[in-house]
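File shown: coords.cif (mmCIF, C-alpha atoms).
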data_work
loop_
_atom_site.label_atom_id
_atom_site.label_comp_id
_atom_site.auth_asym_id
_atom_site.auth_seq_id
_atom_site.Cartn_x
_atom_site.Cartn_y
_atom_site.Cartn_z
CA MET A 1 -4.20 30.23 1.83
CA PHE A 2 -5.82 26.80 1.84
CA PHE A 3 -4.59 23.62 0.20
CA GLY A 4 -6.57 20.40 -0.12
CA GLY A 5 -5.26 16.88 -0.52
CA VAL A 6 -7.07 13.64 -1.29
CA GLU A 7 -5.77 10.15 -0.58
CA GLY A 8 -7.96 7.98 -2.80
CA GLY A 9 -7.93 4.19 -2.68
CA ALA A 10 -10.09 1.52 -4.23
CA THR A 11 -12.08 1.10 -1.02
CA HIS A 12 -12.05 4.42 0.84
CA SER A 13 -10.69 7.96 0.56
CA ASN A 14 -9.52 10.75 2.88
CA LEU A 15 -9.31 14.49 2.35
CA VAL A 16 -7.52 17.15 4.38
CA ILE A 17 -7.42 20.92 4.09
CA CYS A 18 -4.27 22.65 5.37
CA ASP A 19 -3.59 26.32 5.92
CA GLN A 20 -0.37 28.03 4.81
CA LEU A 21 1.40 26.86 7.99
CA GLY A 22 0.68 23.20 7.23
CA ARG A 23 -1.94 22.89 9.96
CA VAL A 24 -4.94 20.65 9.22
CA VAL A 25 -8.11 22.75 9.50
CA GLY A 26 -10.61 20.39 7.88
CA ARG A 27 -11.06 16.69 7.16
CA ALA A 28 -13.48 14.45 5.29
CA GLU A 29 -13.82 10.76 4.53
CA GLY A 30 -15.49 9.07 1.61
CA PRO A 31 -15.74 5.87 -0.43
CA GLY A 32 -13.24 4.70 -3.05
CA THR A 33 -12.21 7.06 -5.87
CA ASN A 34 -10.68 4.85 -8.56
CA HIS A 35 -12.09 6.28 -11.79
CA TRP A 36 -11.36 3.08 -13.74
CA THR A 37 -13.94 1.20 -11.68
CA LEU A 38 -16.33 4.11 -11.00
CA GLY A 39 -16.12 6.21 -14.11
CA ILE A 40 -14.88 9.82 -14.24
CA GLU A 41 -18.31 11.27 -13.47
CA GLU A 42 -18.88 9.38 -10.22
CA CYS A 43 -15.27 9.84 -9.14
CA ALA A 44 -15.58 13.62 -9.57
CA ARG A 45 -18.87 13.64 -7.65
CA ARG A 46 -17.30 11.85 -4.68
CA ILE A 47 -14.32 14.22 -4.62
CA ILE A 48 -16.56 17.30 -4.64
CA ALA A 49 -18.69 15.88 -1.83
CA MET A 50 -15.57 15.44 0.33
CA VAL A 51 -14.29 18.94 -0.52
CA GLN A 52 -17.58 20.49 0.52
CA SER A 53 -17.69 18.48 3.74
CA ALA A 54 -14.12 19.44 4.69
CA LYS A 55 -14.75 23.10 3.86
CA GLU A 56 -17.71 23.08 6.23
CA GLU A 57 -15.57 21.62 9.03
CA ALA A 58 -12.84 24.19 8.34
CA GLY A 59 -15.30 27.08 8.37
CA ILE A 60 -14.53 27.92 4.74
CA PRO A 61 -17.51 29.17 2.69
CA LYS A 62 -18.50 26.61 0.04
CA ASP A 63 -18.23 29.25 -2.68
CA GLN A 64 -14.63 30.09 -1.69
CA PRO A 65 -12.28 27.93 -3.77
CA LEU A 66 -9.22 26.32 -2.25
CA ASP A 67 -5.99 27.78 -3.59
CA SER A 68 -5.03 24.35 -4.86
CA LEU A 69 -6.34 20.78 -4.60
CA GLY A 70 -4.13 17.69 -4.92
CA LEU A 71 -5.77 14.42 -5.96
CA THR A 72 -3.54 11.38 -5.49
CA LEU A 73 -5.80 8.50 -6.40
CA SER A 74 -5.67 4.81 -7.14
CA GLY A 75 -5.69 4.33 -10.93
CA CYS A 76 -4.44 7.84 -11.82
CA GLU A 77 -1.41 6.71 -13.81
CA GLN A 78 -2.42 8.15 -17.20
CA GLU A 79 -1.94 11.85 -17.95
CA SER A 80 -4.88 12.11 -20.36
CA SER A 81 -7.42 10.61 -17.93
CA ASN A 82 -5.91 12.64 -15.06
CA ALA A 83 -6.51 15.82 -17.06
CA GLU A 84 -10.06 14.68 -17.83
CA LEU A 85 -10.76 14.12 -14.12
CA ALA A 86 -9.44 17.57 -13.16
CA LEU A 87 -11.58 19.14 -15.88
CA ARG A 88 -14.68 17.26 -14.74
CA VAL A 89 -14.23 18.39 -11.12
CA ARG A 90 -13.99 22.03 -12.30
CA GLU A 91 -17.06 21.63 -14.54
CA LYS A 92 -19.16 20.15 -11.73
CA ASP A 93 -17.99 22.65 -9.09
CA ALA A 94 -16.12 25.73 -10.26
CA THR A 95 -15.61 26.80 -6.63
CA ALA A 96 -13.88 23.58 -5.53
CA ALA A 97 -10.35 24.90 -6.15
CA LYS A 98 -8.47 27.45 -8.24
CA GLU A 99 -5.94 24.82 -9.35
CA ILE A 100 -6.08 21.00 -9.37
CA TYR A 101 -3.16 18.58 -9.42
CA VAL A 102 -3.88 14.90 -10.22
CA GLY A 103 -1.44 12.04 -9.64
CA SER A 104 -1.30 8.43 -8.52
CA ASP A 105 -1.86 7.25 -4.97
CA THR A 106 1.81 6.28 -4.86
CA ALA A 107 2.79 9.93 -5.38
CA GLY A 108 0.70 11.04 -2.42
CA SER A 109 2.23 8.43 -0.15
CA LEU A 110 5.76 9.14 -1.35
CA PHE A 111 5.52 12.88 -0.79
CA THR A 112 4.01 12.30 2.63
CA GLY A 113 6.94 10.18 3.77
CA ALA A 114 9.92 11.08 1.56
CA THR A 115 9.82 14.47 -0.15
CA ASN A 116 13.55 14.35 -1.00
CA GLY A 117 13.42 11.04 -2.81
CA GLY A 118 12.58 7.50 -1.77
CA MET A 119 10.31 4.59 -2.51
CA VAL A 120 6.67 3.92 -1.75
CA LEU A 121 5.32 0.37 -1.61
CA ILE A 122 1.56 0.12 -1.37
CA ALA A 123 -0.04 -3.12 -0.21
CA GLY A 124 -3.69 -2.42 0.48
CA THR A 125 -6.50 -4.00 -1.51
CA GLY A 126 -4.08 -3.88 -4.43
CA SER A 127 -0.36 -3.09 -4.71
CA ASN A 128 1.91 -0.61 -6.43
CA ALA A 129 5.43 0.76 -6.09
CA LEU A 130 7.17 3.96 -7.09
CA LEU A 131 10.75 5.20 -6.77
CA ARG A 132 11.70 8.85 -6.95
CA THR A 133 15.44 9.49 -6.99
CA PRO A 134 16.97 12.59 -5.32
CA ASN A 135 17.38 14.19 -8.76
CA GLY A 136 13.69 13.76 -9.55
CA GLU A 137 13.71 10.68 -11.80
CA GLN A 138 10.73 8.37 -11.29
CA HIS A 139 10.45 4.64 -11.88
CA GLY A 140 7.41 2.46 -11.25
CA CYS A 141 6.71 -1.21 -10.68
CA GLY A 142 3.24 -2.79 -10.60
CA GLY A 143 -0.03 -0.92 -10.21
CA TRP A 144 -1.73 -2.79 -13.05
CA GLY A 145 -4.90 -3.76 -11.19
CA TYR A 146 -6.23 -7.09 -9.97
CA LEU A 147 -6.38 -8.75 -13.42
CA LEU A 148 -2.81 -7.89 -14.43
CA GLY A 149 -1.01 -7.31 -11.14
CA ASP A 150 -1.64 -6.28 -7.52
CA GLU A 151 0.80 -8.95 -6.30
CA GLY A 152 1.14 -8.94 -2.52
CA GLY A 153 -2.06 -6.95 -1.97
CA ALA A 154 -5.04 -8.12 0.06
CA TYR A 155 -7.04 -9.25 -2.96
CA TRP A 156 -4.06 -11.20 -4.30
CA ILE A 157 -3.64 -12.99 -0.95
CA ALA A 158 -7.38 -13.75 -0.74
CA HIS A 159 -7.48 -15.07 -4.30
CA LYS A 160 -4.40 -17.19 -3.69
CA ALA A 161 -5.99 -18.68 -0.56
CA VAL A 162 -9.20 -19.61 -2.39
CA LYS A 163 -7.30 -20.99 -5.38
CA THR A 164 -5.04 -23.06 -3.11
CA VAL A 165 -8.07 -24.72 -1.52
CA PHE A 166 -9.81 -25.31 -4.86
CA ASP A 167 -6.70 -26.78 -6.49
CA ASP A 168 -5.96 -28.99 -3.50
CA VAL A 169 -9.45 -30.50 -3.47
CA ASP A 170 -9.34 -31.02 -7.24
CA GLY A 171 -5.92 -32.64 -7.01
CA LEU A 172 -4.69 -30.17 -9.62
CA ASN A 173 -1.99 -28.72 -7.35
CA PRO A 174 -1.79 -30.22 -3.85
CA SER A 175 -1.33 -27.67 -1.07
CA PRO A 176 1.98 -27.79 0.82
CA TYR A 177 0.04 -27.51 4.10
CA PRO A 178 -3.39 -28.58 5.41
CA THR A 179 -6.20 -26.42 4.06
CA ASP A 180 -8.98 -27.16 6.56
CA ARG A 181 -8.55 -24.06 8.77
CA VAL A 182 -8.16 -21.71 5.79
CA TRP A 183 -11.24 -23.23 4.15
CA GLU A 184 -13.25 -22.68 7.33
CA VAL A 185 -12.32 -18.98 7.36
CA ILE A 186 -13.24 -18.66 3.68
CA ARG A 187 -16.59 -20.42 4.24
CA GLU A 188 -17.49 -18.10 7.10
CA HIS A 189 -16.44 -14.95 5.26
CA PHE A 190 -18.48 -15.73 2.14
CA ASP A 191 -21.29 -17.53 3.99
CA ALA A 192 -20.64 -20.57 1.80
CA ASP A 193 -21.17 -24.27 2.33
CA THR A 194 -19.49 -25.56 -0.81
CA ARG A 195 -16.92 -24.33 -3.28
CA ALA A 196 -19.71 -23.73 -5.78
CA ASP A 197 -21.21 -21.16 -3.39
CA LEU A 198 -18.15 -18.96 -3.99
CA LEU A 199 -18.79 -18.65 -7.73
CA PRO A 200 -21.29 -15.76 -7.49
CA HIS A 201 -18.75 -13.84 -5.38
CA ALA A 202 -16.08 -14.43 -8.02
CA TYR A 203 -18.21 -13.59 -11.06
CA LYS A 204 -21.85 -12.37 -11.06
CA HIS A 205 -21.67 -10.41 -7.81
CA PHE A 206 -17.93 -9.79 -7.69
CA ASP A 207 -16.86 -7.11 -5.21
CA LYS A 208 -13.08 -6.80 -5.02
CA SER A 209 -13.06 -5.11 -1.63
CA MET A 210 -15.42 -7.70 -0.13
CA PHE A 211 -13.35 -10.54 -1.62
CA ALA A 212 -10.14 -9.00 -0.25
CA GLY A 213 -11.73 -8.70 3.18
CA VAL A 214 -10.98 -12.33 3.98
CA THR A 215 -7.27 -11.45 4.12
CA SER A 216 -7.50 -9.81 7.54
CA LYS A 217 -9.06 -13.01 8.86
CA LEU A 218 -6.31 -15.09 7.28
CA SER A 219 -3.79 -12.83 9.01
CA SER A 220 -5.39 -13.59 12.38
CA LEU A 221 -5.25 -17.27 11.54
CA ALA A 222 -1.58 -17.01 10.61
CA TYR A 223 -0.74 -15.36 13.92
CA LYS A 224 -2.41 -18.33 15.61
CA GLY A 225 0.09 -20.61 13.87
CA ASP A 226 -1.77 -21.97 10.84
CA GLU A 227 0.93 -23.10 8.43
CA LEU A 228 -0.92 -22.44 5.18
CA SER A 229 -1.88 -18.91 6.21
CA ARG A 230 1.71 -18.17 7.21
CA HIS A 231 2.87 -19.60 3.88
CA LEU A 232 0.48 -17.32 1.96
CA PHE A 233 1.73 -14.21 3.76
CA SER A 234 5.33 -15.27 3.28
CA GLN A 235 4.63 -15.51 -0.45
CA ALA A 236 3.14 -12.03 -0.30
CA GLY A 237 6.36 -10.87 1.37
CA VAL A 238 8.34 -12.40 -1.49
CA THR A 239 6.44 -10.55 -4.17
CA LEU A 240 6.47 -7.24 -2.27
CA ALA A 241 10.25 -7.54 -1.91
CA SER A 242 10.44 -8.18 -5.66
CA HIS A 243 8.91 -4.73 -6.21
CA VAL A 244 11.67 -3.25 -4.04
CA ALA A 245 14.37 -5.20 -5.86
CA ALA A 246 13.06 -4.09 -9.26
CA LEU A 247 13.27 -0.42 -8.29
CA ALA A 248 16.42 -0.50 -6.14
CA VAL A 249 18.58 -1.00 -9.26
CA HIS A 250 17.65 2.54 -10.32
CA CYS A 251 18.86 4.08 -7.06
CA GLU A 252 22.51 5.11 -6.72
CA THR A 253 22.37 6.00 -3.02
CA ARG A 254 23.51 3.54 -0.35
CA ARG A 255 20.35 4.02 1.71
CA ILE A 256 16.75 4.59 0.74
CA ARG A 257 13.54 5.15 2.65
CA VAL A 258 10.64 2.83 1.74
CA VAL A 259 7.22 4.21 2.69
CA CYS A 260 5.01 1.18 3.36
CA VAL A 261 1.33 1.95 2.92
CA GLY A 262 -1.77 -0.22 3.22
CA SER A 263 -3.43 -2.67 5.59
CA VAL A 264 -1.32 -5.66 4.53
CA TRP A 265 1.69 -4.09 6.27
CA LYS A 266 -0.06 -4.56 9.61
CA SER A 267 0.97 -8.21 9.18
CA TRP A 268 4.69 -7.42 8.92
CA ASP A 269 5.73 -10.25 11.26
CA ILE A 270 4.38 -12.87 8.84
CA LEU A 271 5.41 -11.01 5.69
CA LYS A 272 8.99 -10.61 6.88
CA PRO A 273 10.35 -14.16 6.31
CA GLY A 274 9.52 -14.13 2.61
CA PHE A 275 10.40 -10.44 2.26
CA LEU A 276 13.94 -10.85 3.61
CA LYS A 277 14.50 -14.12 1.78
CA GLN A 278 13.65 -12.46 -1.52
CA LEU A 279 15.85 -9.42 -0.87
CA LYS A 280 18.74 -11.82 -0.34
CA HIS A 281 17.80 -13.86 -3.43
CA ARG A 282 17.64 -10.72 -5.59
CA LYS A 283 20.94 -9.52 -4.10
CA VAL A 284 19.62 -6.13 -2.98
CA LYS A 285 22.66 -4.19 -1.74
CA THR A 286 20.88 -0.98 -0.75
CA GLU A 287 20.14 -0.31 2.90
CA LEU A 288 16.39 0.07 3.33
CA GLU A 289 14.61 2.13 5.98
CA LEU A 290 11.04 0.85 6.11
CA VAL A 291 8.57 3.35 7.52
CA THR A 292 4.84 3.59 8.05
CA LEU A 293 2.95 6.86 7.97
CA ARG A 294 1.60 8.44 11.14
CA VAL A 295 -0.70 10.62 9.04
CA SER A 296 -2.88 10.14 5.99
CA SER A 297 -1.27 10.26 2.54
CA ALA A 298 -3.68 13.10 1.94
CA MET A 299 -1.02 15.26 3.63
CA GLY A 300 1.36 14.45 0.78
CA ALA A 301 -1.38 15.28 -1.70
CA ALA A 302 -1.85 18.68 -0.03
CA TRP A 303 1.94 19.23 -0.18
CA LEU A 304 1.84 18.46 -3.92
CA ALA A 305 -1.12 20.80 -4.34
CA ALA A 306 0.90 23.61 -2.76
CA LYS A 307 3.96 22.78 -4.83
CA HIS A 308 1.76 22.85 -7.94
CA VAL A 309 1.19 26.58 -7.38
CA GLY A 310 4.75 27.32 -6.24
CA PHE A 311 4.20 27.27 -2.48
CA GLU A 312 6.38 25.29 -0.05
CA LEU A 313 4.09 23.87 2.63
CA PRO A 314 5.87 23.39 6.00
CA ARG A 315 6.11 19.83 7.30
CA ASP A 316 7.53 17.87 10.26
CA ASP A 317 9.09 14.60 9.09
CA THR A 318 9.19 13.01 12.54
CA ALA A 319 5.48 13.65 12.98
CA PHE A 320 4.69 12.09 9.60
CA CYS A 321 6.69 8.80 9.72
CA LYS A 322 7.66 5.92 11.99
CA VAL A 323 10.58 3.59 11.23
CA PHE A 324 9.58 -0.03 11.88
CA TYR A 325 12.46 -1.94 10.30
CA THR A 326 15.90 -1.28 8.82
CA TYR A 327 17.37 -3.75 6.35
CA HIS A 328 21.16 -4.05 6.38
CA PRO A 329 22.35 -6.16 3.40
CA GLU A 330 25.49 -7.30 5.24
CA GLU A 331 23.39 -8.86 8.01
CA ILE A 332 21.47 -11.36 5.87
CA VAL A 333 22.35 -14.95 6.70
CA ASN A 334 23.70 -17.55 4.32
CA GLY A 335 22.26 -21.02 3.79
CA ASN A 336 23.97 -22.41 6.91
CA GLY A 337 22.42 -19.82 9.19
CA ASN A 338 25.69 -17.91 9.61
CA VAL A 339 25.88 -14.16 9.23
CA VAL A 340 27.56 -13.13 6.00
CA ASN A 341 29.93 -10.71 7.74
CA GLY A 342 30.66 -13.31 10.43
CA LYS A 343 29.30 -11.29 13.33
CA THR A 344 26.82 -13.07 15.59
CA LEU A 345 25.85 -12.75 19.20
CA ASN A 346 24.48 -15.84 20.97
CA GLY A 347 23.16 -17.14 17.66
CA LYS A 348 21.37 -13.87 16.89
CA LEU A 349 22.41 -10.91 14.82
CA ASN A 350 23.33 -7.78 16.68
CA GLY A 351 21.77 -4.52 15.46
CA ASN A 352 18.34 -5.35 14.07
CA GLY A 353 18.52 -9.09 14.78
CA ILE A 354 17.15 -10.83 11.71
CA ALA A 355 17.93 -14.47 12.35
CA ASN A 356 18.38 -17.00 15.10
CA GLY A 357 21.01 -19.73 15.19
CA ASN A 358 19.01 -21.89 12.77
CA GLY A 359 18.70 -19.18 10.18
CA SER A 360 14.95 -18.74 10.73
CA ILE A 361 13.30 -15.35 10.88
CA LEU A 362 12.45 -13.79 14.22
CA ALA A 363 9.14 -12.02 14.77
CA GLU A 364 9.32 -8.35 15.62
CA ASP A 365 6.62 -6.07 17.03
CA TRP A 366 6.21 -2.89 14.99
CA SER A 367 2.84 -1.64 16.19
#

Show me the file's structure as structure tokens.
Amino acid sequence: MFFGGVEGGATHSNLVICDQLGRVVGRAEGPGTNHWTLGIEECARRIIAMVQSAKEEAGIPKDQPLDSLGLTLSGCEQESSNAELALRVREKDATAAKEIYVGSDTAGSLFTGATNGGMVLIAGTGSNALLRTPNGEQHGCGGWGYLLGDEGGAYWIAHKAVKTVFDDVDGLNPSPYPTDRVWEVIREHFDADTRADLLPHAYKHFDKSMFAGVTSKLSSLAYKGDELSRHLFSQAGVTLASHVAALAVHCETRRIRVVCVGSVWKSWDILKPGFLKQLKHRKVKTELELVTLRVSSAMGAAWLAAKHVGFELPRDDTAFCKVFYTYHPEEIVNGNGNVVNGKTLNGKLNGNGIANGNGSILAEDWS
């Protein structure tokens, strides 16, 4: 038996084919597969191209359909359009798969890292969050795209950086920190001399992925100590923690795994101050185990594809996930920099060590 899984983002996509033992026998990569930006037709074409490429690598004849194909894609939140996409894939290539499951990218990530219930928090180009309780209930937060949401994602950070510079120069909303180094990074990224040179990138020739690309450069700047860049990432941490807080109220367990997906999480050190501050502000009482995935979310999509046809695909949790931070509510400091439960060690918290004697956040390597 062969099961396929697609992890589809706004910028790029990955596909894996697994055999009945859960072993990956074929892989393929492709461009973004968000049907809201591409259209159903082009999205289906890209999926089929990846399926055919992965079949070739796996040594599976192109006219032999996979037993089931799981598509967990950015933008697949609506049942009617999901059904339309599955139908279009079958119409364009009847030998792609016998059965097709379509769900959101959050579902793929969640079932890669937490099959028995948990939370997924995506912060890539955009952002989205999903909670699945142990009894199967699902609750979502965000995922409304760059015009209505995507808070904490790379595009949101990039837009906020540009807007901060524009507003500061105009005097509309003065920046809390100097903007010169951030402006220099923006100028280089967009090959711009003046603010007016950014207008084509924001309107006529807008490319969300290209616009969001400046965020990785801002991250590098933040790690070099630039105050405005660090402030922007701290704000991103605040809004990502707000997603967690919004969903945590639906969870009755004392501990929950949060699967953190997307390139923004590579900047955890500079997200963390705002993230922890907001968890404290929103009074989140649940212990959180933050993990990154060691494998593509396409593995979760393949697992869902197998489940869709009643097959339990074997998996190794330790091979799929890596814990990079554990949040203990009782260890968050109060306004005076003292630990709430009164336990400190040389000015630092024992356990995961979140604060120093001044109540500021310590950096922590999670690579």

For this session: Would you list the residues near (5.8, 17.5, -0.9), meaning any protein, DNA or RNA residue with an atom at most 10 Å from that point in file coordinates, counting all atoms listed in the file, as number ranges by chain?
Result: A: 107-116, 299-308, 312-315

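Against the coordinates shown, the PyMOL selection byres ((chain A and resi 165) around 10) returns Lys160, Ala161, Val162, Lys163, Thr164, Phe166, Asp167, Asp168, Val169, Asp170, Gly171, Asn173, Pro174, Ser175, Pro178, Thr179, Asp180, Val182, Trp183, Ile186 and Arg195 of chain A.
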
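Going from CA of Leu218 in chain A over to CA of Val185 in chain A, you cover 7.2 Å.
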
For this session: Within 6 Å of range 5-7 of chain A, counting all atoms listed in the file, which residues show up once you throw out same-chain ones fewer than 5 positions away? Write them as a ChimeraX atom specification, please.
Result: /A:13-16,69-72,297-298,301-302

Exercise. If you measure from CA of Ala10 in chain A to CA of Ser74 in chain A, what distance in Å do you get, rounded to one decimal?
Worked result: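 Between these atoms lies a distance of 6.2 Å.
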
For this session: Would you translate the PyMOL selection byres ((chain A and resi 97-103) around 9) into the concrete set of residues it matches in this file, as number ranges by chain?
Result: A: 3-4, 64-79, 82-83, 85-87, 89-90, 93-96, 104-108, 301, 304-305, 308-309

For this session: Name the residues that the PyMOL selection byres ((chain A and resi 47) around 10) picks from the file above, as an MDAnalysis selection string, using the file's chain letters and numbers.
Result: chainID A and resid 6 8 13:15 28:33 42:46 48:53 71 89 96

Exercise. Out of A:Gly152, A:Gly274, A:Gly213, A:Pro200, which residue has the shortest atom-to-atom distance to Ser234 in chain A when counting only C-alpha atoms?
Worked result: A:Gly274

Exercise. Hey, what's within 6 Å of range 317-330 of chain A if we count only C-alpha atoms and toss same-chain stuff fewer than 2 positions away? As a ChimeraX atom specification, please?
Worked result: /A:285,287-295,332,366

For this session: Name the closest residue to Leu228 in chain A among the candidates A:Lys277, A:Pro176, A:Glu137, A:His189; distances are taken between atoms, counting only C-alpha atoms.
Result: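 Counting only C-alpha atoms, the residue closest to Leu228 in chain A is A:Pro176.
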
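Distances here use all atoms listed in the file; by that measure, the residue among A:Thr239, A:Arg187, A:Val244, A:Gly117 closest to Asn135 in chain A is A:Gly117.
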
Exercise. Could you work out how far CA of Trp265 in chain A lies from CA of Cys18 in chain A, giving the answer in Å with one decimal?
Worked result: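 Computing the Euclidean distance for CA of Cys18 in chain A and CA of Trp265 in chain A yields 27.4 Å.
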
Seminar exercise, completed: Tyr223 in chain A proximity check over A:Leu279, A:Ala245, A:Leu199, A:Leu271, using only C-alpha atoms: winner is A:Leu271

Exercise. For His35 in chain A, which residue out of A:Lys224, A:Lys272, A:Arg88, A:Lys280 is the nearest one, using all atoms listed in the file?
Worked result: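 Closest residue, counting all atoms listed in the file: A:Arg88.
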
Exercise. Using all atoms listed in the file, which residues sit within 12 Å of Ala123 in chain A once same-chain residues fewer than 6 positions away are excluded, as a ChimeraX atom specification?
Worked result: /A:9-10,74,105-106,109,129,142-143,149-157,212,215,233,236-237,239-241,243,259-268,271,292
